[in-house]
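Student: Can you read through this structure? Questions will come right after.
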Amino acid sequence: MRPTSWLWRGLGAVTLVCLIVLLAGFGLALKDHWAPSAGMAIPEASKPPAAAAGSLASKPELKITALGDSLTVGTGDETGNGYVKTAAADLSKAMGKPVRVINNLAIGGLRADQLLEHLDDKGYVDAIVQADIVMLTIGANDLFEFATDGGSLAQGSEISPEQLDSRLPVAEKRLSDVLAALRMLNGAARIVYVGLYNPFYDVESLRIPASDTIQKWNAYAHGFAAADGNATVVPTFDLFESDIGSYLSSDHFHPNEAGYARIAARIVQALQ
Amino acid sequence: MAEWLALVQNETIKVWKKKRFAFVVLVLLVLIPVFVYAQMKIAQNSAEKFKGDWRAELQNRITDNTRALGSERIPEEWKKWRRALVQQLQYYLDHDMNPNTPNAVTFTRGYLDNSVTLFIPLMVLAIASDLVSGERSTGTIKMLLTRPVRRWRILLSKLVTLTLYVSLIIVTNAALCYLISGLAFGYQGWGEPIFTGFRVSGADVNVATVHAVPQYMYLLMQAGLVWCSAMTVAVLALMVSVLVRSTAASFVTMMAAVIAGTVLTNMASSWHSAKYLFNVNLELTDYLQGTPPPIEGMTLGFSLAMLGIWAAAGLAVSFAVFTKQDILN
């Protein structure tokens, strides 16, 4: 036989097999799309390890889960670190052991009631269950966001002291629900709640009403933390009073890199 | 029949001797390791970050995409796409299933998804574009047509040869990808479950028809769909090759059409009539995966119908022109 003939036989057979396989695959895809079978059973997956009880000092490695709103995302920080990464790095140095952020699940614009819904999500539960430290910021959007136009104070919406005060009880209830749900998920984790500051401290008309509400809010959070025993409220109010401009980013609402670094330093002090 | 089979043999051997397929294999041998290396770097980065906790990694993807939904600057169409993606990823997480188990089969799956619009059409064109115009530029077409065989039978033999080579190219792609990526990710993973059957309409994902299939079956279905879009490109390329004298012009015409398709899929979501173009419908594997289609209202049935109509029109033109046209120097 001539070599060309051998080539043809081999080539013809191989390409024909390829064609038949692909046609079968194509047919299968059509069948699966319009007349799907029941599908295979999904194998059971392993559960994530739960956090061990005990003090932070006694654990060989610390795991952090971060939750909440844009402050935990790190909005305004041009380096993208926010307070979470900075606090983790500083804590690792201060305590001389590895500190790992399991996940930062914060979403900008989140309100406490929305966070509470997320706490049912499997991904949130997995991350919280494993954590030795849970860091969160929440509540600013509950107090300052306007449901009607979705804009915050920073975007120029008008706000009256009465409105703020009327929102406070609703928001407080949400906060206590969130903290209680966190405690239910993980009984051993240290909960670090970062308190609110007044981003409008340098705005004459807003200094007193906004500060008043925020102080009440922080006091409420403090009360909850004291009752829990293993939770900390990290105060940030005093960090954004004098020379507020050099610690806020250009949106005049979120901290900048320096502002986040100051919050992170506070957290590290509170955890040591 | 035997005579006609001899024609197919002749064509197949001709393409082989022109080393077109060898060229395709060579390209794959160079590029697949590059893709594998890039993917390996990504995997290493995320392993460092998440310590192999795929749930944390998946949740992080969900959070990232959810964060982007809040941004004012992102166009509404992209948000729809992200919303659908978030729902799909959440479905995987809720069912405790890893959508990206690290192995060669998963990599091959991703490779086919990404190469269906551009890379595979390119390789198909390497063969299809000069099937007829190549004969014209070398002058061999006269020898071919002076044979005592009807013209349409000659073109049909070219079409059959093309079909065989398209099939060979797709299987070679999958096989080489699996073999090379296996070195980095391991050769296991055929039986891993994966979800299919997500129905996307707008920003909502209907999960009523979702079911798990083993990856080998998914890969088979995917290759079948890739074959379907590759065949449409091949048939249209054959038509252009009949119409245009030079191989270069034929190749460039088809390549421009294919590239225009990928550009349009990225930006045509507001131009609804673009869905009637063949090049916007090439991503058939998206329906299998459950990714939102480039233009709202597109379904697997719609895309298949569009590709079918374009291919049929291409065939009709090719045969009509090839049997009638005068061959001049």
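Every chain in the structure tokens takes a letter, A first, then B, and so on in the order presented; its residues are numbered from 1, and the ligands are numbered from 1 following the presented order.
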Could you write out as number ranges by chain the residues of chain B within 8 Å of chain A, counting only C-alpha atoms?

Tutor: B: 9, 12-13, 50, 55-56, 58-60, 63, 66-67, 70, 93-94, 96-97, 163-165, 167-168, 171, 193, 197, 209, 211-214, 220-225, 227-228, 288

Student: Write out as JSON, numbers by chain which residues come within 8 Å of A:Leu115 when counting only C-alpha atoms, dropping same-chain ones fewer than 4 positions away.

Tutor: {"A": [68, 110, 111, 119, 178]}

Student: List as a count of residues only the protein and nucleic acid residues near stretch 256-267 of chain A, meaning an atom at most 6 Å away when only C-alpha atoms are counted, but skip any in the same chain fewer than 6 places from it.

Tutor: 8

Student: Work out how far apart atom CA of B:Leu122 and atom CA of B:Gln325 are and give it in Å to one decimal.

Tutor: 27.8 Å

Student: Could you tell me, as a count of residues only, which residues of stretch 85-329 of chain B DSSP assigns to alpha helix (DSSP H) when given the backbone?

Tutor: 158

Student: I need the residues of stretch 62-307 of chain B that end up classed as strand (DSSP E) by DSSP on the backbone, written out as a PyMOL selection string.

Tutor: chain B and resi 193-196+199-201+204-206+211-214

Student: Given the choices A:Ala53, A:Ala140, A:Ile133, A:Leu206, which gets closest to A:Val192 if the distance is worked out from only C-alpha atoms?

Tutor: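 Residue with the minimum atom-to-atom distance to A:Val192: A:Ile133.
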
Student: Give me the residues near B:Asn103 as a PyMOL selection string, where near means some atom within 6 Å (using only C-alpha atoms) and where sequence neighbours in that chain fewer than 5 positions away do not count.

Tutor: chain B and resi 185-186+189

Student: In Å, with one decimal, what is the gap from atom CA of B:Gly134 to atom CA of B:Thr247?

Tutor: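 Distance between the two atoms: 5.7 Å.
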
Student: Rounded to one decimal, what separation in Å do you get between atom CA of B:Tyr218 and atom CA of B:Gln88?

Tutor: 16.9 Å
